[in-house]
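Colleague: What follows is coords_3.pdb, made up of PDB, C-alpha atoms and all ligand atoms:
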ATOM      1  CA  MET A   1     -17.440  10.935 -32.934  1.00  0.00           C
ATOM      2  CA  GLU A   2     -18.985  12.657 -29.928  1.00  0.00           C
ATOM      3  CA  ALA A   3     -16.729  13.413 -26.946  1.00  0.00           C
ATOM      4  CA  THR A   4     -19.553  12.665 -24.536  1.00  0.00           C
ATOM      5  CA  LYS A   5     -22.691  10.580 -24.804  1.00  0.00           C
ATOM      6  CA  ASN A   6     -25.734   9.732 -22.747  1.00  0.00           C
ATOM      7  CA  ILE A   7     -26.247   5.978 -22.438  1.00  0.00           C
ATOM      8  CA  ASP A   8     -29.270   4.685 -20.515  1.00  0.00           C
ATOM      9  CA  GLY A   9     -29.588   8.041 -18.803  1.00  0.00           C
ATOM     10  CA  HIS A  10     -25.957   8.143 -17.652  1.00  0.00           C
ATOM     11  CA  PRO A  11     -23.101  10.325 -18.937  1.00  0.00           C
ATOM     12  CA  TYR A  12     -20.216   8.616 -20.766  1.00  0.00           C
ATOM     13  CA  THR A  13     -17.033  10.111 -22.151  1.00  0.00           C
ATOM     14  CA  HIS A  14     -15.186   8.826 -25.204  1.00  0.00           C
ATOM     15  CA  TYR A  15     -12.001   6.921 -24.313  1.00  0.00           C
ATOM     16  CA  THR A  16      -8.984   6.203 -26.471  1.00  0.00           C
ATOM     17  CA  LYS A  17      -5.605   4.754 -25.709  1.00  0.00           C
ATOM     18  CA  GLU A  18      -2.403   4.957 -27.697  1.00  0.00           C
ATOM     19  CA  GLN A  19      -1.874   1.663 -29.559  1.00  0.00           C
ATOM     20  CA  LEU A  20       1.656   0.309 -29.610  1.00  0.00           C
ATOM     21  CA  ASN A  21       3.137  -1.901 -32.272  1.00  0.00           C
ATOM     22  CA  ASP A  22       4.298  -5.320 -31.056  1.00  0.00           C
ATOM     23  CA  ASN A  23       7.930  -4.254 -30.793  1.00  0.00           C
ATOM     24  CA  ASP A  24       7.185  -1.209 -28.660  1.00  0.00           C
ATOM     25  CA  MET A  25       4.727  -3.228 -26.604  1.00  0.00           C
ATOM     26  CA  GLN A  26       7.399  -5.864 -25.942  1.00  0.00           C
ATOM     27  CA  ASP A  27       9.911  -3.171 -24.950  1.00  0.00           C
ATOM     28  CA  HIS A  28       7.446  -1.417 -22.637  1.00  0.00           C
ATOM     29  CA  ALA A  29       6.332  -4.636 -20.938  1.00  0.00           C
ATOM     30  CA  ARG A  30       9.907  -5.858 -20.400  1.00  0.00           C
ATOM     31  CA  ASP A  31      11.193  -2.450 -19.262  1.00  0.00           C
ATOM     32  CA  PHE A  32       8.298  -2.059 -16.848  1.00  0.00           C
ATOM     33  CA  TYR A  33       8.880  -5.480 -15.333  1.00  0.00           C
ATOM     34  CA  GLN A  34      12.621  -4.835 -14.987  1.00  0.00           C
ATOM     35  CA  TRP A  35      11.974  -1.479 -13.338  1.00  0.00           C
ATOM     36  CA  TYR A  36       9.332  -2.990 -11.030  1.00  0.00           C
ATOM     37  CA  ASP A  37      11.710  -5.793 -10.139  1.00  0.00           C
ATOM     38  CA  GLN A  38      13.990  -3.202  -8.514  1.00  0.00           C
ATOM     39  CA  ARG A  39      11.367  -2.331  -5.899  1.00  0.00           C
ATOM     40  CA  ARG A  40      12.109  -3.760  -2.471  1.00  0.00           C
ATOM     41  CA  SER A  41      10.487  -3.478   0.923  1.00  0.00           C
ATOM     42  CA  ILE A  42      12.911  -1.592   3.110  1.00  0.00           C
ATOM     43  CA  ARG A  43      13.261  -1.176   6.858  1.00  0.00           C
ATOM     44  CA  GLU A  44      16.120   1.305   6.864  1.00  0.00           C
ATOM     45  CA  PHE A  45      14.982   4.801   5.989  1.00  0.00           C
ATOM     46  CA  SER A  46      16.767   8.134   5.796  1.00  0.00           C
ATOM     47  CA  ASP A  47      15.163  10.990   7.732  1.00  0.00           C
ATOM     48  CA  LYS A  48      15.781  13.300   4.757  1.00  0.00           C
ATOM     49  CA  PRO A  49      12.638  15.371   4.158  1.00  0.00           C
ATOM     50  CA  VAL A  50      10.364  14.624   1.206  1.00  0.00           C
ATOM     51  CA  PRO A  51       8.339  17.438  -0.407  1.00  0.00           C
ATOM     52  CA  LYS A  52       4.673  17.330   0.607  1.00  0.00           C
ATOM     53  CA  ASP A  53       3.393  17.540  -2.980  1.00  0.00           C
ATOM     54  CA  VAL A  54       5.243  14.301  -3.778  1.00  0.00           C
ATOM     55  CA  ILE A  55       3.125  12.528  -1.165  1.00  0.00           C
ATOM     56  CA  GLU A  56      -0.004  14.282  -2.475  1.00  0.00           C
ATOM     57  CA  ASN A  57       0.639  12.971  -5.987  1.00  0.00           C
ATOM     58  CA  ILE A  58       1.429   9.495  -4.659  1.00  0.00           C
ATOM     59  CA  LEU A  59      -1.984   9.457  -2.947  1.00  0.00           C
ATOM     60  CA  LEU A  60      -3.693  10.719  -6.105  1.00  0.00           C
ATOM     61  CA  ALA A  61      -2.008   7.918  -8.070  1.00  0.00           C
ATOM     62  CA  ALA A  62      -3.224   5.367  -5.485  1.00  0.00           C
ATOM     63  CA  SER A  63      -6.738   6.748  -5.788  1.00  0.00           C
ATOM     64  CA  THR A  64      -6.819   5.895  -9.514  1.00  0.00           C
ATOM     65  CA  ALA A  65      -7.120   2.203  -8.588  1.00  0.00           C
ATOM     66  CA  PRO A  66     -10.321   0.459  -9.657  1.00  0.00           C
ATOM     67  CA  SER A  67     -12.828  -0.180  -6.879  1.00  0.00           C
ATOM     68  CA  GLY A  68     -16.124  -2.036  -6.451  1.00  0.00           C
ATOM     69  CA  ALA A  69     -18.920   0.111  -7.993  1.00  0.00           C
ATOM     70  CA  HIS A  70     -16.380   2.970  -8.009  1.00  0.00           C
ATOM     71  CA  LYS A  71     -16.976   3.543  -4.283  1.00  0.00           C
ATOM     72  CA  GLN A  72     -13.272   4.313  -3.653  1.00  0.00           C
ATOM     73  CA  PRO A  73     -13.521   2.808  -0.155  1.00  0.00           C
ATOM     74  CA  TRP A  74     -10.231   4.160   1.204  1.00  0.00           C
ATOM     75  CA  THR A  75      -8.884   6.941   3.393  1.00  0.00           C
ATOM     76  CA  PHE A  76      -5.175   7.710   3.554  1.00  0.00           C
ATOM     77  CA  CYS A  77      -3.943   9.244   6.806  1.00  0.00           C
ATOM     78  CA  VAL A  78      -0.596  10.976   6.352  1.00  0.00           C
ATOM     79  CA  ILE A  79       1.539  11.419   9.446  1.00  0.00           C
ATOM     80  CA  ALA A  80       4.511  13.777   9.451  1.00  0.00           C
ATOM     81  CA  ASP A  81       4.095  15.071  13.023  1.00  0.00           C
ATOM     82  CA  PRO A  82       6.986  13.606  15.111  1.00  0.00           C
ATOM     83  CA  ALA A  83       4.842  13.433  18.266  1.00  0.00           C
ATOM     84  CA  ILE A  84       2.185  11.314  16.525  1.00  0.00           C
ATOM     85  CA  LYS A  85       4.861   9.147  14.875  1.00  0.00           C
ATOM     86  CA  LYS A  86       6.310   8.505  18.338  1.00  0.00           C
ATOM     87  CA  GLN A  87       2.893   7.503  19.699  1.00  0.00           C
ATOM     88  CA  ILE A  88       2.376   5.165  16.742  1.00  0.00           C
ATOM     89  CA  ARG A  89       5.794   3.594  17.234  1.00  0.00           C
ATOM     90  CA  GLU A  90       5.186   3.030  20.931  1.00  0.00           C
ATOM     91  CA  ALA A  91       1.740   1.498  20.367  1.00  0.00           C
ATOM     92  CA  ALA A  92       2.958  -0.650  17.436  1.00  0.00           C
ATOM     93  CA  GLU A  93       5.943  -1.935  19.432  1.00  0.00           C
ATOM     94  CA  GLU A  94       3.694  -2.802  22.348  1.00  0.00           C
ATOM     95  CA  GLU A  95       1.584  -5.028  20.054  1.00  0.00           C
ATOM     96  CA  GLU A  96       4.610  -6.439  18.240  1.00  0.00           C
ATOM     97  CA  LYS A  97       6.302  -7.335  21.518  1.00  0.00           C
ATOM     98  CA  LYS A  98       3.285  -9.521  22.341  1.00  0.00           C
ATOM     99  CA  SER A  99       3.185 -10.951  18.810  1.00  0.00           C
ATOM    100  CA  TYR A 100       6.872 -11.896  18.679  1.00  0.00           C
ATOM    101  CA  GLY A 101       6.710 -12.977  22.320  1.00  0.00           C
ATOM    102  CA  GLY A 102       4.078 -15.686  21.828  1.00  0.00           C
ATOM    103  CA  ARG A 103       1.154 -14.649  19.616  1.00  0.00           C
ATOM    104  CA  MET A 104       2.886 -15.748  16.392  1.00  0.00           C
ATOM    105  CA  SER A 105       3.426 -19.466  15.811  1.00  0.00           C
ATOM    106  CA  ASP A 106       6.922 -20.995  15.788  1.00  0.00           C
ATOM    107  CA  THR A 107       6.519 -21.718  12.056  1.00  0.00           C
ATOM    108  CA  TRP A 108       5.654 -18.086  11.415  1.00  0.00           C
ATOM    109  CA  LEU A 109       8.649 -16.847  13.396  1.00  0.00           C
ATOM    110  CA  LYS A 110      10.883 -19.298  11.527  1.00  0.00           C
ATOM    111  CA  ASP A 111       9.500 -18.012   8.186  1.00  0.00           C
ATOM    112  CA  LEU A 112      10.359 -14.443   9.247  1.00  0.00           C
ATOM    113  CA  GLU A 113      13.927 -15.258  10.311  1.00  0.00           C
ATOM    114  CA  PRO A 114      15.498 -14.599   6.866  1.00  0.00           C
ATOM    115  CA  LEU A 115      13.797 -11.173   6.859  1.00  0.00           C
ATOM    116  CA  GLY A 116      15.436 -10.192  10.144  1.00  0.00           C
ATOM    117  CA  THR A 117      12.325  -8.594  11.620  1.00  0.00           C
ATOM    118  CA  ASP A 118      11.678  -8.192  15.344  1.00  0.00           C
ATOM    119  CA  TRP A 119       9.358  -6.186  17.616  1.00  0.00           C
ATOM    120  CA  GLN A 120      11.404  -3.006  17.337  1.00  0.00           C
ATOM    121  CA  LYS A 121      10.146  -0.504  14.751  1.00  0.00           C
ATOM    122  CA  PRO A 122      12.496   2.520  14.754  1.00  0.00           C
ATOM    123  CA  PHE A 123      11.562   3.286  11.121  1.00  0.00           C
ATOM    124  CA  LEU A 124       8.167   4.480  12.375  1.00  0.00           C
ATOM    125  CA  GLU A 125       9.941   7.547  13.763  1.00  0.00           C
ATOM    126  CA  ILE A 126      12.708   7.874  11.164  1.00  0.00           C
ATOM    127  CA  ALA A 127      10.708   7.813   7.909  1.00  0.00           C
ATOM    128  CA  PRO A 128       9.498  11.355   7.138  1.00  0.00           C
ATOM    129  CA  TYR A 129       5.973  10.149   6.370  1.00  0.00           C
ATOM    130  CA  LEU A 130       3.744   7.343   7.568  1.00  0.00           C
ATOM    131  CA  ILE A 131       0.801   6.638   5.284  1.00  0.00           C
ATOM    132  CA  ILE A 132      -1.907   4.711   7.090  1.00  0.00           C
ATOM    133  CA  VAL A 133      -4.436   3.227   4.731  1.00  0.00           C
ATOM    134  CA  PHE A 134      -7.930   2.748   6.130  1.00  0.00           C
ATOM    135  CA  LYS A 135     -10.612   0.660   4.457  1.00  0.00           C
ATOM    136  CA  ARG A 136     -14.159   1.961   4.534  1.00  0.00           C
ATOM    137  CA  SER A 137     -16.506  -1.018   4.858  1.00  0.00           C
ATOM    138  CA  TYR A 138     -19.573   1.197   4.607  1.00  0.00           C
ATOM    139  CA  GLU A 139     -20.586   4.825   4.203  1.00  0.00           C
ATOM    140  CA  PHE A 140     -23.168   6.834   6.087  1.00  0.00           C
ATOM    141  CA  ASP A 141     -25.961   8.151   3.851  1.00  0.00           C
ATOM    142  CA  ALA A 142     -27.279  11.669   4.410  1.00  0.00           C
ATOM    143  CA  ASP A 143     -30.029  10.301   6.694  1.00  0.00           C
ATOM    144  CA  GLY A 144     -27.433   8.444   8.805  1.00  0.00           C
ATOM    145  CA  SER A 145     -28.223   4.962   7.475  1.00  0.00           C
ATOM    146  CA  LYS A 146     -25.376   2.651   6.468  1.00  0.00           C
ATOM    147  CA  HIS A 147     -24.554   1.895   2.841  1.00  0.00           C
ATOM    148  CA  GLN A 148     -22.257  -1.115   2.364  1.00  0.00           C
ATOM    149  CA  ASN A 149     -19.233  -0.792   0.042  1.00  0.00           C
ATOM    150  CA  TYR A 150     -18.325  -3.686  -2.283  1.00  0.00           C
ATOM    151  CA  TYR A 151     -15.143  -5.761  -2.631  1.00  0.00           C
ATOM    152  CA  VAL A 152     -13.513  -3.518  -0.070  1.00  0.00           C
ATOM    153  CA  GLN A 153     -10.541  -5.810   0.591  1.00  0.00           C
ATOM    154  CA  GLU A 154      -9.778  -6.167  -3.126  1.00  0.00           C
ATOM    155  CA  SER A 155     -10.267  -2.448  -3.830  1.00  0.00           C
ATOM    156  CA  VAL A 156      -8.055  -1.237  -1.001  1.00  0.00           C
ATOM    157  CA  GLY A 157      -5.446  -3.893  -1.801  1.00  0.00           C
ATOM    158  CA  LEU A 158      -5.310  -2.582  -5.360  1.00  0.00           C
ATOM    159  CA  ALA A 159      -5.006   1.027  -4.147  1.00  0.00           C
ATOM    160  CA  CYS A 160      -2.096  -0.037  -1.945  1.00  0.00           C
ATOM    161  CA  GLY A 161      -0.427  -1.678  -4.957  1.00  0.00           C
ATOM    162  CA  PHE A 162      -0.799   1.524  -6.928  1.00  0.00           C
ATOM    163  CA  LEU A 163       0.518   3.461  -3.917  1.00  0.00           C
ATOM    164  CA  LEU A 164       3.661   1.314  -3.724  1.00  0.00           C
ATOM    165  CA  SER A 165       4.217   1.763  -7.474  1.00  0.00           C
ATOM    166  CA  ALA A 166       3.935   5.550  -7.180  1.00  0.00           C
ATOM    167  CA  ILE A 167       6.373   5.537  -4.256  1.00  0.00           C
ATOM    168  CA  HIS A 168       8.840   3.487  -6.332  1.00  0.00           C
ATOM    169  CA  LYS A 169       8.406   5.848  -9.308  1.00  0.00           C
ATOM    170  CA  ALA A 170       9.222   8.821  -7.033  1.00  0.00           C
ATOM    171  CA  GLY A 171      12.531   7.143  -6.153  1.00  0.00           C
ATOM    172  CA  LEU A 172      11.449   6.529  -2.574  1.00  0.00           C
ATOM    173  CA  GLY A 173      11.294   3.412  -0.428  1.00  0.00           C
ATOM    174  CA  ALA A 174       8.434   1.939   1.575  1.00  0.00           C
ATOM    175  CA  LEU A 175       7.456  -0.929   3.839  1.00  0.00           C
ATOM    176  CA  THR A 176       4.076  -2.638   3.996  1.00  0.00           C
ATOM    177  CA  HIS A 177       3.902  -2.845   7.748  1.00  0.00           C
ATOM    178  CA  THR A 178       1.145  -4.689   9.591  1.00  0.00           C
ATOM    179  CA  PRO A 179       1.436  -4.292  13.345  1.00  0.00           C
ATOM    180  CA  SER A 180      -1.162  -6.687  14.618  1.00  0.00           C
ATOM    181  CA  PRO A 181      -3.806  -5.978  15.800  1.00  0.00           C
ATOM    182  CA  MET A 182      -3.918  -2.532  14.222  1.00  0.00           C
ATOM    183  CA  ASN A 183      -7.012  -1.106  15.906  1.00  0.00           C
ATOM    184  CA  PHE A 184      -4.873   1.191  18.080  1.00  0.00           C
ATOM    185  CA  LEU A 185      -4.557   3.334  14.925  1.00  0.00           C
ATOM    186  CA  THR A 186      -8.321   3.947  14.752  1.00  0.00           C
ATOM    187  CA  LYS A 187      -8.250   5.345  18.284  1.00  0.00           C
ATOM    188  CA  LEU A 188      -4.997   7.229  17.999  1.00  0.00           C
ATOM    189  CA  LEU A 189      -6.004   8.974  14.771  1.00  0.00           C
ATOM    190  CA  ASN A 190      -9.587   9.415  15.891  1.00  0.00           C
ATOM    191  CA  ARG A 191     -11.067   7.732  12.819  1.00  0.00           C
ATOM    192  CA  PRO A 192     -14.817   7.128  12.447  1.00  0.00           C
ATOM    193  CA  GLU A 193     -16.349   3.686  13.076  1.00  0.00           C
ATOM    194  CA  ASN A 194     -16.750   2.892   9.347  1.00  0.00           C
ATOM    195  CA  GLU A 195     -12.957   2.959   8.849  1.00  0.00           C
ATOM    196  CA  LYS A 196     -10.631   0.087   9.757  1.00  0.00           C
ATOM    197  CA  PRO A 197      -6.818   0.208   9.465  1.00  0.00           C
ATOM    198  CA  PHE A 198      -5.558  -1.823   6.491  1.00  0.00           C
ATOM    199  CA  LEU A 199      -1.825  -1.117   6.098  1.00  0.00           C
ATOM    200  CA  LEU A 200       0.772   1.144   7.669  1.00  0.00           C
ATOM    201  CA  ILE A 201       3.276   2.326   5.064  1.00  0.00           C
ATOM    202  CA  PRO A 202       6.365   4.295   6.107  1.00  0.00           C
ATOM    203  CA  VAL A 203       7.698   6.300   3.143  1.00  0.00           C
ATOM    204  CA  GLY A 204      11.023   8.023   2.672  1.00  0.00           C
ATOM    205  CA  HIS A 205      14.419   7.953   1.036  1.00  0.00           C
ATOM    206  CA  VAL A 206      16.255   4.663   1.351  1.00  0.00           C
ATOM    207  CA  ALA A 207      19.029   4.962   3.967  1.00  0.00           C
ATOM    208  CA  ALA A 208      22.553   5.211   2.531  1.00  0.00           C
ATOM    209  CA  ASP A 209      23.509   2.022   4.370  1.00  0.00           C
ATOM    210  CA  CYS A 210      20.451  -0.105   3.683  1.00  0.00           C
ATOM    211  CA  TYR A 211      20.576  -3.886   3.369  1.00  0.00           C
ATOM    212  CA  VAL A 212      17.670  -6.035   2.204  1.00  0.00           C
ATOM    213  CA  PRO A 213      17.421  -9.830   2.409  1.00  0.00           C
ATOM    214  CA  ASP A 214      18.884 -11.570  -0.630  1.00  0.00           C
ATOM    215  CA  ILE A 215      15.641 -13.324  -1.517  1.00  0.00           C
ATOM    216  CA  LYS A 216      14.495 -14.377  -4.986  1.00  0.00           C
ATOM    217  CA  ARG A 217      11.168 -14.016  -6.733  1.00  0.00           C
ATOM    218  CA  LYS A 218       9.425 -17.087  -8.118  1.00  0.00           C
ATOM    219  CA  PRO A 219      10.073 -17.758 -11.819  1.00  0.00           C
ATOM    220  CA  LEU A 220       7.244 -17.410 -14.350  1.00  0.00           C
ATOM    221  CA  GLU A 221       6.670 -21.155 -14.561  1.00  0.00           C
ATOM    222  CA  ASP A 222       5.934 -21.288 -10.820  1.00  0.00           C
ATOM    223  CA  ILE A 223       3.451 -18.402 -10.844  1.00  0.00           C
ATOM    224  CA  SER A 224       1.482 -19.069 -14.032  1.00  0.00           C
ATOM    225  CA  VAL A 225      -0.586 -21.762 -15.685  1.00  0.00           C
ATOM    226  CA  TRP A 226      -1.285 -21.278 -19.377  1.00  0.00           C
ATOM    227  CA  PHE A 227      -4.231 -22.709 -21.329  1.00  0.00           C
ATOM    228  CA  GLU A 228      -3.336 -22.144 -25.011  1.00  0.00           C
TER     229      GLU A 228
HETATM  230  N1  LIG A 301       3.779  -7.725  11.782  1.00  0.00           N
HETATM  231  C1  LIG A 301       5.091  -8.144  12.200  1.00  0.00           C
HETATM  232  C2  LIG A 301       5.459  -9.495  11.711  1.00  0.00           C
HETATM  233  C3  LIG A 301       5.631  -9.663  10.254  1.00  0.00           C
HETATM  234  C4  LIG A 301       4.770 -10.490   9.576  1.00  0.00           C
HETATM  235  C5  LIG A 301       4.952 -10.757   8.259  1.00  0.00           C
HETATM  236  I1  LIG A 301       3.712 -12.054   7.318  1.00  0.00           I
HETATM  237  C6  LIG A 301       6.036 -10.164   7.551  1.00  0.00           C
HETATM  238  O1  LIG A 301       6.217 -10.427   6.213  1.00  0.00           O
HETATM  239  C7  LIG A 301       6.917  -9.338   8.232  1.00  0.00           C
HETATM  240  C8  LIG A 301       6.698  -9.093   9.584  1.00  0.00           C
HETATM  241  C9  LIG A 301       6.155  -7.097  11.827  1.00  0.00           C
HETATM  242  O2  LIG A 301       5.825  -6.167  11.084  1.00  0.00           O
HETATM  243  O3  LIG A 301       7.279  -7.216  12.286  1.00  0.00           O
END
Mind turning the file's structure into structure tokens?
Ligand code: IYR
Modeller:
Amino acid sequence: MEATKNIDGHPYTHYTKEQLNDNDMQDHARDFYQWYDQRRSIREFSDKPVPKDVIENILLAASTAPSGAHKQPWTFCVIADPAIKKQIREAAEEEEKKSYGGRMSDTWLKDLEPLGTDWQKPFLEIAPYLIIVFKRSYEFDADGSKHQNYYVQESVGLACGFLLSAIHKAGLGALTHTPSPMNFLTKLLNRPENEKPFLLIPVGHVAADCYVPDIKRKPLEDISVWFE
């Protein structure tokens, strides 16, 4: 067995994966679900510092997500600077004030009531890190022409899922925050025109006195249809 191979003029590397017996597989799948089920979106963060290399590894884990034609169409901006966090909070609250004050429909506001959200976003200054995920719709080729990326929404969504998993694994909490519209982040962080903000994710330790809504996840029969 060769470790590497050339197929149709392209390099390939041999890939193996540990096979589990059915018992171990059942244990792993159940344990993973039960561990995942403990993840919650939080809005109450501790300001306790988090080592920088933890965030670096969380980003590396996110970047292992599959992406259309392996274009990896994401950029993660990491904000620890209190002055920038303050600017982000102020700009986000300005948008949210307008959203909660009339831009969101009554049905939407009613749907949010059990989550207890409002226009105020103190966690944007309290959480030690803000990760702002940008999607890259296209790239600039060396000659300056544009090269479209593929399935950008799906790819970046997957990377964000991986990111949230890595945050959970590190014992930290996060919120998938979507101040709307988010284009103030492009300006504030001086991002190039091919990047658009996708999600704003505060990351940090869960506050000692944190409460989350007592909401339930849908049971398997409501989320799956089986054709056997
Ligand atoms: N972006 C607002 C409103 C909001 C919208 C949804 I959908 C949520 O699940 C939660 C909040 C905010 O972040 O408050």
Colleague: Please extract the residues at most 7 Å from ligand LIG 301 (chain A), counting only C-alpha atoms and all ligand atoms, and provide them as a short mmCIF file (atom, residue, chain, number, x, y, z; two decimals) with C-alpha atoms, in the frame of the given file, using the chain letters and residue numbers of this document.
Modeller:
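Okay, this is what ended up in result.cif:
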data_model
loop_
_atom_site.label_atom_id
_atom_site.label_comp_id
_atom_site.auth_asym_id
_atom_site.auth_seq_id
_atom_site.Cartn_x
_atom_site.Cartn_y
_atom_site.Cartn_z
CA GLU A 96 4.61 -6.44 18.24
CA LEU A 112 10.36 -14.44 9.25
CA THR A 117 12.32 -8.59 11.62
CA ASP A 118 11.68 -8.19 15.34
CA TRP A 119 9.36 -6.19 17.62
CA HIS A 177 3.90 -2.84 7.75
CA THR A 178 1.14 -4.69 9.59
CA PRO A 179 1.44 -4.29 13.34
CA SER A 180 -1.16 -6.69 14.62
#
Colleague: Which residue gives the smallest distance to Phe198 (chain A) among A:Val50, A:Ala142, A:Leu185, A:Ala65, with only C-alpha atoms counted?
Modeller: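 That would be A:Leu185, the residue with the smallest distance to Phe198 (chain A).
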Colleague: Between CA of Gln19 (chain A) and CA of Ser165 (chain A), what is the distance, to one decimal in Å?
Modeller: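 Spanning CA of Gln19 (chain A) to CA of Ser165 (chain A) is a straight-line distance of 22.9 Å.
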Colleague: Quick check on the file I pasted: which residues fall under the PyMOL selection byres (((chain A and resi 15-17) around 12) and not hetatm)? Write them as a count of residues only.
Modeller: 11
Colleague: May I have the protein, DNA and RNA residues with any atom at most 12 Å from the point (5.8, -1.6, 21.8), counting all atoms listed in the file, written as a PDB file with C-alpha atoms, keeping the file's coordinate frame?
Modeller:
ATOM      1  CA  LYS A  86       6.310   8.505  18.338  1.00  0.00           C
ATOM      2  CA  GLN A  87       2.893   7.503  19.699  1.00  0.00           C
ATOM      3  CA  ILE A  88       2.376   5.165  16.742  1.00  0.00           C
ATOM      4  CA  ARG A  89       5.794   3.594  17.234  1.00  0.00           C
ATOM      5  CA  GLU A  90       5.186   3.030  20.931  1.00  0.00           C
ATOM      6  CA  ALA A  91       1.740   1.498  20.367  1.00  0.00           C
ATOM      7  CA  ALA A  92       2.958  -0.650  17.436  1.00  0.00           C
ATOM      8  CA  GLU A  93       5.943  -1.935  19.432  1.00  0.00           C
ATOM      9  CA  GLU A  94       3.694  -2.802  22.348  1.00  0.00           C
ATOM     10  CA  GLU A  95       1.584  -5.028  20.054  1.00  0.00           C
ATOM     11  CA  GLU A  96       4.610  -6.439  18.240  1.00  0.00           C
ATOM     12  CA  LYS A  97       6.302  -7.335  21.518  1.00  0.00           C
ATOM     13  CA  LYS A  98       3.285  -9.521  22.341  1.00  0.00           C
ATOM     14  CA  SER A  99       3.185 -10.951  18.810  1.00  0.00           C
ATOM     15  CA  TYR A 100       6.872 -11.896  18.679  1.00  0.00           C
ATOM     16  CA  GLY A 101       6.710 -12.977  22.320  1.00  0.00           C
ATOM     17  CA  ASP A 118      11.678  -8.192  15.344  1.00  0.00           C
ATOM     18  CA  TRP A 119       9.358  -6.186  17.616  1.00  0.00           C
ATOM     19  CA  GLN A 120      11.404  -3.006  17.337  1.00  0.00           C
ATOM     20  CA  LYS A 121      10.146  -0.504  14.751  1.00  0.00           C
ATOM     21  CA  PRO A 122      12.496   2.520  14.754  1.00  0.00           C
ATOM     22  CA  LEU A 124       8.167   4.480  12.375  1.00  0.00           C
ATOM     23  CA  PRO A 179       1.436  -4.292  13.345  1.00  0.00           C
ATOM     24  CA  SER A 180      -1.162  -6.687  14.618  1.00  0.00           C
ATOM     25  CA  PHE A 184      -4.873   1.191  18.080  1.00  0.00           C
TER      26      PHE A 184
END
